[in-house]
>>> print(open('input31.cif').read())   # mmCIF, C-alpha atoms
data_structure
loop_
_atom_site.group_PDB
_atom_site.id
_atom_site.type_symbol
_atom_site.label_atom_id
_atom_site.label_comp_id
_atom_site.auth_asym_id
_atom_site.auth_seq_id
_atom_site.Cartn_x
_atom_site.Cartn_y
_atom_site.Cartn_z
ATOM 1 C CA MET V 5 -11.784 -26.194 -22.446
ATOM 2 C CA PRO V 6 -8.495 -24.394 -23.240
ATOM 3 C CA THR V 7 -7.197 -21.916 -20.715
ATOM 4 C CA ASP V 8 -5.305 -19.552 -23.059
ATOM 5 C CA GLU V 9 -7.656 -16.564 -23.249
ATOM 6 C CA HIS V 10 -6.489 -15.326 -26.640
ATOM 7 C CA LEU V 11 -6.093 -18.701 -28.283
ATOM 8 C CA ALA V 12 -8.707 -18.475 -31.009
ATOM 9 C CA PRO V 13 -8.448 -14.793 -32.046
ATOM 10 C CA PHE V 14 -4.661 -14.733 -32.524
ATOM 11 C CA ARG V 15 -3.586 -14.754 -36.157
ATOM 12 C CA SER V 16 0.057 -14.441 -37.166
ATOM 13 C CA THR V 17 0.779 -11.543 -39.535
ATOM 14 C CA HIS V 18 4.439 -12.307 -40.184
ATOM 15 C CA ALA V 19 5.779 -12.153 -43.719
ATOM 16 C CA THR V 20 5.577 -15.312 -45.794
ATOM 17 C CA SER V 21 9.327 -15.290 -46.390
ATOM 18 C CA ALA V 22 10.025 -15.148 -42.643
ATOM 19 C CA VAL V 23 7.630 -18.010 -41.918
ATOM 20 C CA PHE V 24 9.019 -20.161 -44.743
ATOM 21 C CA GLY V 25 12.592 -19.356 -43.722
ATOM 22 C CA ALA V 26 11.948 -20.291 -40.106
ATOM 23 C CA GLY V 27 10.366 -23.562 -41.188
ATOM 24 C CA ALA V 28 13.293 -24.299 -43.493
ATOM 25 C CA ALA V 29 15.795 -23.656 -40.698
ATOM 26 C CA ILE V 30 13.908 -26.053 -38.423
ATOM 27 C CA GLY V 31 13.699 -28.682 -41.148
ATOM 28 C CA LEU V 32 17.402 -28.288 -41.852
ATOM 29 C CA LEU V 33 18.319 -28.856 -38.200
ATOM 30 C CA GLY V 34 16.105 -31.923 -38.011
ATOM 31 C CA GLY V 35 17.208 -33.281 -41.370
ATOM 32 C CA MET V 36 20.881 -33.172 -40.435
ATOM 33 C CA ILE V 37 20.196 -35.589 -37.580
ATOM 34 C CA GLY V 38 17.558 -37.658 -39.360
ATOM 35 C CA LEU V 39 14.524 -36.228 -37.514
ATOM 36 C CA GLY V 40 11.638 -33.887 -38.311
ATOM 37 C CA GLY V 41 12.767 -31.055 -36.057
ATOM 38 C CA ALA V 42 9.416 -30.365 -34.374
ATOM 39 C CA GLU V 43 11.086 -30.061 -30.982
ATOM 40 C CA PHE V 44 12.989 -27.039 -32.332
ATOM 41 C CA ARG V 45 9.879 -25.576 -33.994
ATOM 42 C CA LEU V 46 7.827 -25.383 -30.789
ATOM 43 C CA PRO V 47 9.911 -22.740 -28.942
ATOM 44 C CA LEU V 48 10.141 -20.765 -32.188
ATOM 45 C CA LEU V 49 6.355 -20.649 -32.491
ATOM 46 C CA ILE V 50 6.156 -19.300 -28.950
ATOM 47 C CA GLY V 51 9.209 -17.041 -28.767
ATOM 48 C CA LEU V 52 9.420 -15.637 -32.304
ATOM 49 C CA PHE V 53 5.882 -15.807 -33.638
ATOM 50 C CA GLY V 54 4.088 -15.034 -30.372
ATOM 51 C CA PHE V 55 1.674 -17.959 -30.111
ATOM 52 C CA ALA V 56 0.411 -18.993 -26.686
ATOM 53 C CA ALA V 57 1.547 -22.386 -25.419
ATOM 54 C CA LEU V 58 -1.500 -24.437 -26.398
ATOM 55 C CA ALA V 59 -1.851 -22.717 -29.770
ATOM 56 C CA ALA V 60 1.818 -23.425 -30.524
ATOM 57 C CA VAL V 61 1.376 -27.096 -29.599
ATOM 58 C CA ILE V 62 -1.610 -27.502 -31.932
ATOM 59 C CA LEU V 63 0.109 -25.759 -34.850
ATOM 60 C CA ASN V 64 3.251 -27.792 -34.214
ATOM 61 C CA LYS V 65 1.176 -30.970 -34.257
ATOM 62 C CA ALA V 66 -0.409 -30.019 -37.598
ATOM 63 C CA MET V 67 2.979 -29.302 -39.178
ATOM 64 C CA SER V 68 4.496 -32.465 -37.723
ATOM 65 C CA LEU V 69 1.660 -34.482 -39.233
ATOM 66 C CA VAL V 70 2.317 -32.993 -42.679
ATOM 67 C CA VAL V 71 6.058 -33.681 -42.398
ATOM 68 C CA VAL V 72 5.455 -37.310 -41.351
ATOM 69 C CA LEU V 73 3.013 -37.869 -44.226
ATOM 70 C CA VAL V 74 5.637 -36.600 -46.672
ATOM 71 C CA ALA V 75 8.484 -38.525 -45.052
ATOM 72 C CA LEU V 76 6.682 -41.871 -44.863
ATOM 73 C CA PRO V 77 6.678 -42.692 -48.626
ATOM 74 C CA ALA V 78 10.334 -41.666 -48.889
ATOM 75 C CA ARG V 79 11.186 -43.846 -45.927
ATOM 76 C CA LEU V 80 9.282 -46.783 -47.396
ATOM 77 C CA GLY V 81 11.376 -46.346 -50.523
ATOM 78 C CA ALA V 82 14.578 -46.632 -48.495
ATOM 79 C CA VAL V 83 13.379 -49.599 -46.419
ATOM 80 C CA PRO V 84 11.152 -52.077 -48.299
ATOM 81 C CA ALA V 85 7.576 -52.255 -47.081
ATOM 82 C CA ALA V 86 7.837 -56.037 -46.805
ATOM 83 C CA GLU V 87 10.744 -55.684 -44.406
ATOM 84 C CA ILE V 88 8.816 -53.241 -42.232
ATOM 85 C CA ALA V 89 5.690 -55.422 -42.343
ATOM 86 C CA ALA V 90 7.706 -58.292 -40.912
ATOM 87 C CA HIS V 91 8.079 -56.235 -37.725
ATOM 88 C CA TRP V 92 4.376 -55.390 -37.330
ATOM 89 C CA PRO V 93 4.199 -56.819 -33.754
ATOM 90 C CA VAL V 94 6.577 -54.054 -32.625
ATOM 91 C CA ALA V 95 4.344 -51.314 -34.032
ATOM 92 C CA VAL V 96 1.187 -52.906 -32.605
ATOM 93 C CA ASN V 97 2.780 -53.304 -29.177
ATOM 94 C CA LEU V 98 3.786 -49.641 -29.002
ATOM 95 C CA LEU V 99 0.501 -48.416 -30.484
ATOM 96 C CA ALA V 100 -1.416 -50.234 -27.750
ATOM 97 C CA GLY V 101 0.022 -47.671 -25.361
ATOM 98 C CA SER V 102 0.733 -44.646 -27.564
ATOM 99 C CA LEU V 103 -2.851 -44.208 -28.796
ATOM 100 C CA LEU V 104 -4.110 -44.027 -25.216
ATOM 101 C CA GLY V 105 -1.200 -41.791 -24.263
ATOM 102 C CA ALA V 106 -1.911 -39.395 -27.128
ATOM 103 C CA TRP V 107 -5.543 -38.986 -26.079
ATOM 104 C CA ALA V 108 -4.580 -38.523 -22.433
ATOM 105 C CA GLY V 109 -1.772 -36.079 -23.237
ATOM 106 C CA ALA V 110 -3.984 -33.895 -25.428
ATOM 107 C CA THR V 111 -6.699 -33.943 -22.755
ATOM 108 C CA TRP V 112 -4.242 -32.808 -20.079
ATOM 109 C CA ALA V 113 -2.815 -30.105 -22.353
ATOM 110 C CA VAL V 114 -6.174 -28.440 -23.020
ATOM 111 C CA ARG V 115 -7.037 -28.507 -19.305
ATOM 112 C CA MET V 116 -3.745 -27.100 -18.013
ATOM 113 C CA ARG V 117 -3.312 -23.506 -16.988
ATOM 114 C CA SER V 118 -1.172 -21.684 -19.502
ATOM 115 C CA SER V 119 1.577 -21.034 -16.951
ATOM 116 C CA THR V 120 1.685 -24.731 -16.053
ATOM 117 C CA LEU V 121 1.832 -25.806 -19.682
ATOM 118 C CA TYR V 122 4.882 -23.608 -20.303
ATOM 119 C CA LYS V 123 6.703 -25.326 -17.437
ATOM 120 C CA VAL V 124 5.660 -28.790 -18.601
ATOM 121 C CA LEU V 125 6.900 -27.982 -22.097
ATOM 122 C CA ALA V 126 10.195 -26.772 -20.646
ATOM 123 C CA ALA V 127 10.654 -30.043 -18.756
ATOM 124 C CA LEU V 128 9.868 -32.051 -21.886
ATOM 125 C CA MET V 129 12.406 -30.007 -23.867
ATOM 126 C CA VAL V 130 15.048 -31.141 -21.378
ATOM 127 C CA LEU V 131 13.869 -34.733 -21.905
ATOM 128 C CA MET V 132 14.222 -34.296 -25.656
ATOM 129 C CA ALA V 133 17.745 -32.914 -25.247
ATOM 130 C CA ALA V 134 18.711 -35.946 -23.171
ATOM 131 C CA ALA V 135 17.149 -38.343 -25.697
ATOM 132 C CA LEU V 136 18.982 -36.586 -28.534
ATOM 133 C CA VAL V 137 22.354 -36.965 -26.839
ATOM 134 C CA LEU V 138 21.659 -40.585 -25.828
ATOM 135 C CA THR V 139 20.519 -41.662 -29.277
ATOM 136 C CA HIS V 140 23.326 -40.049 -31.251
ATOM 137 C CA THR V 141 26.341 -40.420 -28.969
ATOM 138 C CA THR V 142 25.735 -43.818 -27.361
ATOM 139 C CA ALA V 143 25.876 -47.257 -28.920
ATOM 140 C CA LEU V 144 22.430 -48.520 -27.966
ATOM 141 C CA GLY V 145 22.198 -52.178 -27.096
ATOM 142 C CA THR V 146 19.104 -54.201 -26.321
ATOM 143 C CA LEU V 147 17.496 -55.084 -23.005
ATOM 144 C CA ASP V 148 16.805 -58.678 -24.130
ATOM 145 C CA LEU V 149 13.571 -58.867 -22.144
ATOM 146 C CA PRO V 150 11.502 -62.061 -22.265
ATOM 147 C CA LEU V 151 8.233 -61.734 -24.185
ATOM 148 C CA TRP V 152 6.127 -61.648 -21.010
ATOM 149 C CA ALA V 153 8.026 -58.540 -19.883
ATOM 150 C CA GLN V 154 8.627 -56.994 -23.307
ATOM 151 C CA VAL V 155 4.949 -56.622 -24.202
ATOM 152 C CA PRO V 156 3.838 -54.668 -21.095
ATOM 153 C CA ALA V 157 7.067 -52.637 -21.229
ATOM 154 C CA GLY V 158 6.192 -51.684 -24.817
ATOM 155 C CA VAL V 159 2.681 -50.620 -23.809
ATOM 156 C CA VAL V 160 3.992 -48.484 -20.927
ATOM 157 C CA ALA V 161 6.727 -46.938 -23.088
ATOM 158 C CA GLY V 162 4.218 -46.292 -25.867
ATOM 159 C CA PHE V 163 1.849 -44.585 -23.440
ATOM 160 C CA GLY V 164 4.579 -42.263 -22.178
ATOM 161 C CA ILE V 165 5.718 -41.418 -25.702
ATOM 162 C CA GLY V 166 2.133 -40.760 -26.766
ATOM 163 C CA VAL V 167 1.674 -38.338 -23.872
ATOM 164 C CA VAL V 168 4.884 -36.455 -24.674
ATOM 165 C CA ALA V 169 4.136 -36.317 -28.408
ATOM 166 C CA ALA V 170 0.620 -34.989 -27.802
ATOM 167 C CA ILE V 171 1.646 -32.329 -25.292
ATOM 168 C CA MET V 172 4.570 -31.061 -27.399
ATOM 169 C CA GLY V 173 2.934 -31.472 -30.798
ATOM 170 C CA VAL V 174 5.799 -33.634 -32.095
ATOM 171 C CA ALA V 175 5.959 -36.960 -33.928
ATOM 172 C CA GLY V 176 7.941 -38.562 -31.113
ATOM 173 C CA GLY V 177 10.687 -40.138 -33.191
ATOM 174 C CA GLU V 178 13.327 -38.860 -30.767
ATOM 175 C CA LEU V 179 11.871 -41.201 -28.153
ATOM 176 C CA LEU V 180 10.443 -43.949 -30.357
ATOM 177 C CA ILE V 181 13.681 -44.815 -32.148
ATOM 178 C CA PRO V 182 15.790 -45.530 -29.023
ATOM 179 C CA THR V 183 12.819 -47.341 -27.466
ATOM 180 C CA ILE V 184 12.483 -49.652 -30.472
ATOM 181 C CA VAL V 185 16.223 -50.356 -30.435
ATOM 182 C CA LEU V 186 16.380 -50.994 -26.685
ATOM 183 C CA LEU V 187 13.183 -53.026 -26.288
ATOM 184 C CA TYR V 188 13.084 -54.970 -29.528
ATOM 185 C CA GLY V 189 16.704 -55.033 -30.710
ATOM 186 C CA GLU V 190 15.953 -53.499 -34.132
ATOM 187 C CA ASP V 191 18.651 -51.652 -36.068
ATOM 188 C CA ILE V 192 18.467 -47.852 -36.299
ATOM 189 C CA LYS V 193 17.312 -47.849 -39.938
ATOM 190 C CA THR V 194 14.390 -50.194 -39.291
ATOM 191 C CA ALA V 195 13.584 -48.385 -36.045
ATOM 192 C CA GLY V 196 13.306 -45.101 -37.944
ATOM 193 C CA SER V 197 10.744 -46.547 -40.350
ATOM 194 C CA LEU V 198 8.766 -48.236 -37.586
ATOM 195 C CA SER V 199 8.723 -44.999 -35.615
ATOM 196 C CA LEU V 200 6.907 -43.267 -38.494
ATOM 197 C CA LEU V 201 4.296 -46.046 -38.602
ATOM 198 C CA VAL V 202 3.682 -45.598 -34.887
ATOM 199 C CA SER V 203 3.824 -41.795 -35.026
ATOM 200 C CA LEU V 204 1.172 -41.333 -37.706
ATOM 201 C CA PRO V 205 -1.837 -42.950 -35.964
ATOM 202 C CA THR V 206 -0.634 -41.589 -32.613
ATOM 203 C CA MET V 207 -0.621 -38.053 -34.004
ATOM 204 C CA LEU V 208 -4.050 -38.530 -35.576
ATOM 205 C CA VAL V 209 -5.507 -39.532 -32.208
ATOM 206 C CA ALA V 210 -4.033 -36.441 -30.513
ATOM 207 C CA PHE V 211 -5.281 -34.317 -33.404
ATOM 208 C CA ALA V 212 -8.777 -35.755 -32.995
ATOM 209 C CA ARG V 213 -8.748 -34.919 -29.274
ATOM 210 C CA TYR V 214 -7.607 -31.345 -29.887
ATOM 211 C CA SER V 215 -10.379 -30.909 -32.467
ATOM 212 C CA ARG V 216 -13.085 -31.535 -29.858
ATOM 213 C CA ASP V 217 -13.012 -28.064 -28.329
ATOM 214 C CA GLY V 218 -12.247 -24.408 -29.025
ATOM 215 C CA SER V 219 -8.496 -24.901 -28.995
ATOM 216 C CA PHE V 220 -8.633 -26.162 -32.580
ATOM 217 C CA THR V 221 -9.820 -22.798 -33.941
ATOM 218 C CA VAL V 222 -6.234 -21.520 -33.890
ATOM 219 C CA LEU V 223 -5.482 -23.860 -36.801
ATOM 220 C CA GLY V 224 -8.340 -22.497 -38.876
ATOM 221 C CA ALA V 225 -7.188 -18.947 -38.181
ATOM 222 C CA ASN V 226 -3.623 -19.761 -39.247
ATOM 223 C CA LEU V 227 -3.978 -22.226 -42.118
ATOM 224 C CA ARG V 228 -1.781 -20.183 -44.469
ATOM 225 C CA PHE V 229 0.877 -19.727 -41.782
ATOM 226 C CA THR V 230 0.823 -23.470 -41.076
ATOM 227 C CA ALA V 231 1.037 -24.438 -44.744
ATOM 228 C CA VAL V 232 3.937 -22.069 -45.451
ATOM 229 C CA MET V 233 5.963 -23.150 -42.420
ATOM 230 C CA ALA V 234 5.264 -26.824 -43.129
ATOM 231 C CA ALA V 235 6.460 -26.335 -46.717
ATOM 232 C CA GLY V 236 9.612 -24.676 -45.399
ATOM 233 C CA SER V 237 10.139 -27.520 -42.940
ATOM 234 C CA ILE V 238 9.882 -30.106 -45.717
ATOM 235 C CA ALA V 239 12.287 -28.193 -47.970
ATOM 236 C CA GLY V 240 14.728 -27.771 -45.097
ATOM 237 C CA ALA V 241 14.463 -31.434 -44.141
ATOM 238 C CA VAL V 242 15.322 -32.491 -47.697
ATOM 239 C CA LEU V 243 18.388 -30.246 -47.686
ATOM 240 C CA GLY V 244 19.293 -31.414 -44.185
ATOM 241 C CA GLY V 245 19.055 -35.007 -45.335
ATOM 242 C CA MET V 246 21.582 -34.256 -48.052
ATOM 243 C CA LEU V 247 23.897 -32.826 -45.404
ATOM 244 C CA LEU V 248 23.425 -35.823 -43.098
ATOM 245 C CA GLY V 249 26.859 -36.804 -41.807
ATOM 246 C CA VAL V 250 28.587 -33.666 -43.172
ATOM 247 C CA PHE V 251 28.873 -32.161 -39.702
ATOM 248 C CA PRO V 252 30.429 -34.412 -37.020
ATOM 249 C CA ASP V 253 27.962 -35.591 -34.373
ATOM 250 C CA LEU V 254 30.455 -34.620 -31.676
ATOM 251 C CA ILE V 255 29.892 -30.988 -32.668
ATOM 252 C CA LEU V 256 26.334 -30.972 -34.007
ATOM 253 C CA ILE V 257 24.548 -32.992 -31.319
ATOM 254 C CA PRO V 258 25.867 -31.064 -28.274
ATOM 255 C CA ALA V 259 25.093 -27.784 -30.052
ATOM 256 C CA LEU V 260 21.503 -28.858 -30.728
ATOM 257 C CA ALA V 261 21.129 -30.173 -27.178
ATOM 258 C CA VAL V 262 22.278 -26.807 -25.821
ATOM 259 C CA LEU V 263 19.764 -25.096 -28.112
ATOM 260 C CA LEU V 264 16.989 -27.236 -26.649
ATOM 261 C CA LEU V 265 18.125 -26.495 -23.089
ATOM 262 C CA VAL V 266 18.250 -22.742 -23.718
ATOM 263 C CA SER V 267 14.766 -22.960 -25.200
ATOM 264 C CA ALA V 268 13.621 -24.909 -22.146
ATOM 265 C CA VAL V 269 14.874 -22.170 -19.815
ATOM 266 C CA LYS V 270 13.057 -19.504 -21.829
ATOM 267 C CA LEU V 271 9.835 -21.501 -21.807
ATOM 268 C CA ALA V 272 10.059 -22.075 -18.068
ATOM 269 C CA ARG V 273 10.339 -18.313 -17.530
ATOM 270 C CA HIS V 274 7.539 -17.477 -19.969
ATOM 271 C CA ASP V 275 4.584 -15.678 -18.425
#
>>> encode(input="input31.cif", output="structure tokens")
Amino acid sequence: MPTDEHLAPFRSTHATSAVFGAGAAIGLLGGMIGLGGAEFRLPLLIGLFGFAALAAVILNKAMSLVVVLVALPARLGAVPAAEIAAHWPVAVNLLAGSLLGAWAGATWAVRMRSSTLYKVLAALMVLMAAALVLTHTTALGTLDLPLWAQVPAGVVAGFGIGVVAAIMGVAGGELLIPTIVLLYGEDIKTAGSLSLLVSLPTMLVAFARYSRDGSFTVLGANLRFTAVMAAGSIAGAVLGGMLLGVFPDLILIPALAVLLLVSAVKLARHD
């Protein structure tokens, strides 16, 4: 059972415009780097809107799921479905680990003490900052592993990504994309589409685990809040996508990484 005492009763009373605006800002940040921005939304849910750690994770997961569902058809339009289908072994390999990881991560999250969860989230924010910098400032190669090593490596990597995605309430694209490039040698564009195909069932598994106990009531109490912020995130992501490449990565990526690190420090100090 969840350990946040005020998880279920808490209902956000913030103005619709503020919630939509915050979601749009998050979507804009993510869109400018080709991601959903859920890693930036999580500290905002805690620091600005006052949700407890577990409640914020569950709401973040719900919004991330909506954003992925909207992004998937658009992504399939940019990369033909037949081309993605040709790489189905990659998705299956990662899903073999990520589905288990998502269930395990959600289970650990609901059983953690609130103070512990804040620290775990802070550590994962640092991981996300590192992945962001690595993915966008480094020319990723491929490990060229033989098949007998590639398959178990994919399962292990998928498990770890599933755990992180479940605990943070994110889609996991920040980790999936570089993993797909490194392990399987796919190009960034194909890796982005494959990451959505892996993210969706992985998120559904985590969502199913969270729905098994009282922690899920926070979503029912904040459906309007969730819908408004998700709508803002989608609108912001569309605008951010239009601005993709406008701001140099040498400026944008370090700034976003610093933002994640500052958020990590605040989460680590959260009572």
>>> closest_atom_pairs(input="input31.cif", of="segment 102-192 of chain V", to="segment 209-232 of chain V", cutoff="6 Å", atoms="all atoms listed in the file", output="CSV")
residue,atom,partner,partner_atom,distance
V:Ala106,CA,V:Ala210,CA,5.0
V:Trp107,CA,V:Ala210,CA,5.3
V:Ala110,CA,V:Ala210,CA,5.7
V:Ala170,CA,V:Ala210,CA,5.6
>>> write_last_selection(input="input31.cif", atoms="C-alpha atoms", output="PDB file, in the frame of the given file")
ATOM      1  CA  ALA V 106      -1.911 -39.395 -27.128  1.00  0.00           C
ATOM      2  CA  TRP V 107      -5.543 -38.986 -26.079  1.00  0.00           C
ATOM      3  CA  ALA V 110      -3.984 -33.895 -25.428  1.00  0.00           C
ATOM      4  CA  ALA V 170       0.620 -34.989 -27.802  1.00  0.00           C
TER       5      ALA V 170
END
>>> residues_around(input="input31.cif", residues="Gly189 of chain V", least_positions_apart="2", cutoff="9 Å", atoms="only C-alpha atoms", output="PDB file with C-alpha atoms, in the coordinates of the input")
ATOM      1  CA  GLY V 145      22.198 -52.178 -27.096  1.00  0.00           C
ATOM      2  CA  THR V 146      19.104 -54.201 -26.321  1.00  0.00           C
ATOM      3  CA  LEU V 147      17.496 -55.084 -23.005  1.00  0.00           C
ATOM      4  CA  ASP V 148      16.805 -58.678 -24.130  1.00  0.00           C
ATOM      5  CA  ILE V 184      12.483 -49.652 -30.472  1.00  0.00           C
ATOM      6  CA  VAL V 185      16.223 -50.356 -30.435  1.00  0.00           C
ATOM      7  CA  LEU V 186      16.380 -50.994 -26.685  1.00  0.00           C
ATOM      8  CA  LEU V 187      13.183 -53.026 -26.288  1.00  0.00           C
ATOM      9  CA  ASP V 191      18.651 -51.652 -36.068  1.00  0.00           C
TER      10      ASP V 191
END
>>> residues_near_point(input="input31.cif", point="(5.8, -24.2, -43.7)", cutoff="8 Å", atoms="all atoms listed in the file", output="PyMOL selection string")
chain V and resi 23-24+27-28+67+229-238
>>> closest_atom_pairs(input="input31.cif", of="segment 212-253 of chain V", to="segment 34-52 of chain V", cutoff="6 Å", atoms="all atoms listed in the file", output="Markdown table")
| residue | atom | partner | partner_atom | distance |
| --- | --- | --- | --- | --- |
| V:Ala241 | CA | V:Gly35 | CA | 4.3 |
| V:Gly244 | CA | V:Gly35 | CA | 4.0 |
| V:Gly245 | CA | V:Gly35 | CA | 4.7 |
| V:Leu247 | CA | V:Met36 | CA | 5.8 |
| V:Leu248 | CA | V:Met36 | CA | 4.5 |
>>> closest_residue(input="input31.cif", among="V:Leu98, V:Val250, V:Val71, V:Ile257", to="Ala135 of chain V", atoms="all atoms listed in the file")
V:Ile257
>>> decode(input="input31.cif", residues="segment 125-143 of chain V", atoms="N, CA and C atoms", output="mmCIF file, in the first residue's frame")
data_model
loop_
_atom_site.group_PDB
_atom_site.id
_atom_site.type_symbol
_atom_site.label_atom_id
_atom_site.label_comp_id
_atom_site.auth_asym_id
_atom_site.auth_seq_id
_atom_site.Cartn_x
_atom_site.Cartn_y
_atom_site.Cartn_z
ATOM 1 N N LEU V 125 13.851 9.566 -6.726
ATOM 2 C CA LEU V 125 13.493 10.421 -7.860
ATOM 3 C C LEU V 125 14.598 11.417 -8.171
ATOM 4 N N ALA V 126 15.227 11.953 -7.132
ATOM 5 C CA ALA V 126 16.328 12.893 -7.337
ATOM 6 C C ALA V 126 17.482 12.222 -8.074
ATOM 7 N N ALA V 127 17.817 10.998 -7.659
ATOM 8 C CA ALA V 127 18.903 10.268 -8.315
ATOM 9 C C ALA V 127 18.565 9.979 -9.780
ATOM 10 N N LEU V 128 17.315 9.643 -10.045
ATOM 11 C CA LEU V 128 16.903 9.350 -11.414
ATOM 12 C C LEU V 128 16.886 10.615 -12.267
ATOM 13 N N MET V 129 16.616 11.768 -11.652
ATOM 14 C CA MET V 129 16.683 13.029 -12.394
ATOM 15 C C MET V 129 18.114 13.292 -12.868
ATOM 16 N N VAL V 130 19.073 12.957 -12.032
ATOM 17 C CA VAL V 130 20.486 13.102 -12.421
ATOM 18 C C VAL V 130 20.794 12.171 -13.588
ATOM 19 N N LEU V 131 20.264 10.943 -13.526
ATOM 20 C CA LEU V 131 20.436 9.987 -14.625
ATOM 21 C C LEU V 131 19.856 10.544 -15.920
ATOM 22 N N MET V 132 18.682 11.146 -15.834
ATOM 23 C CA MET V 132 18.047 11.714 -17.011
ATOM 24 C C MET V 132 18.872 12.863 -17.583
ATOM 25 N N ALA V 133 19.452 13.683 -16.705
ATOM 26 C CA ALA V 133 20.291 14.785 -17.165
ATOM 27 C C ALA V 133 21.500 14.247 -17.928
ATOM 28 N N ALA V 134 22.105 13.192 -17.400
ATOM 29 C CA ALA V 134 23.261 12.590 -18.055
ATOM 30 C C ALA V 134 22.872 11.990 -19.408
ATOM 31 N N ALA V 135 21.720 11.305 -19.454
ATOM 32 C CA ALA V 135 21.255 10.714 -20.705
ATOM 33 C C ALA V 135 20.951 11.798 -21.734
ATOM 34 N N LEU V 136 20.388 12.903 -21.286
ATOM 35 C CA LEU V 136 20.074 14.019 -22.183
ATOM 36 C C LEU V 136 21.333 14.567 -22.839
ATOM 37 N N VAL V 137 22.353 14.798 -22.023
ATOM 38 C CA VAL V 137 23.612 15.339 -22.537
ATOM 39 C C VAL V 137 24.273 14.330 -23.480
ATOM 40 N N LEU V 138 24.296 13.059 -23.081
ATOM 41 C CA LEU V 138 24.925 12.019 -23.901
ATOM 42 C C LEU V 138 24.260 11.893 -25.263
ATOM 43 N N THR V 139 22.928 11.863 -25.258
ATOM 44 C CA THR V 139 22.186 11.638 -26.490
ATOM 45 C C THR V 139 22.325 12.789 -27.478
ATOM 46 N N HIS V 140 22.359 14.014 -26.956
ATOM 47 C CA HIS V 140 22.287 15.180 -27.841
ATOM 48 C C HIS V 140 23.627 15.850 -28.119
ATOM 49 N N THR V 141 24.666 15.445 -27.425
ATOM 50 C CA THR V 141 25.970 16.093 -27.660
ATOM 51 C C THR V 141 27.045 15.109 -28.100
ATOM 52 N N THR V 142 26.695 13.816 -28.156
ATOM 53 C CA THR V 142 27.672 12.796 -28.514
ATOM 54 C C THR V 142 27.198 12.027 -29.740
ATOM 55 N N ALA V 143 28.101 11.773 -30.642
ATOM 56 C CA ALA V 143 27.787 10.951 -31.809
ATOM 57 C C ALA V 143 27.780 9.487 -31.372
#
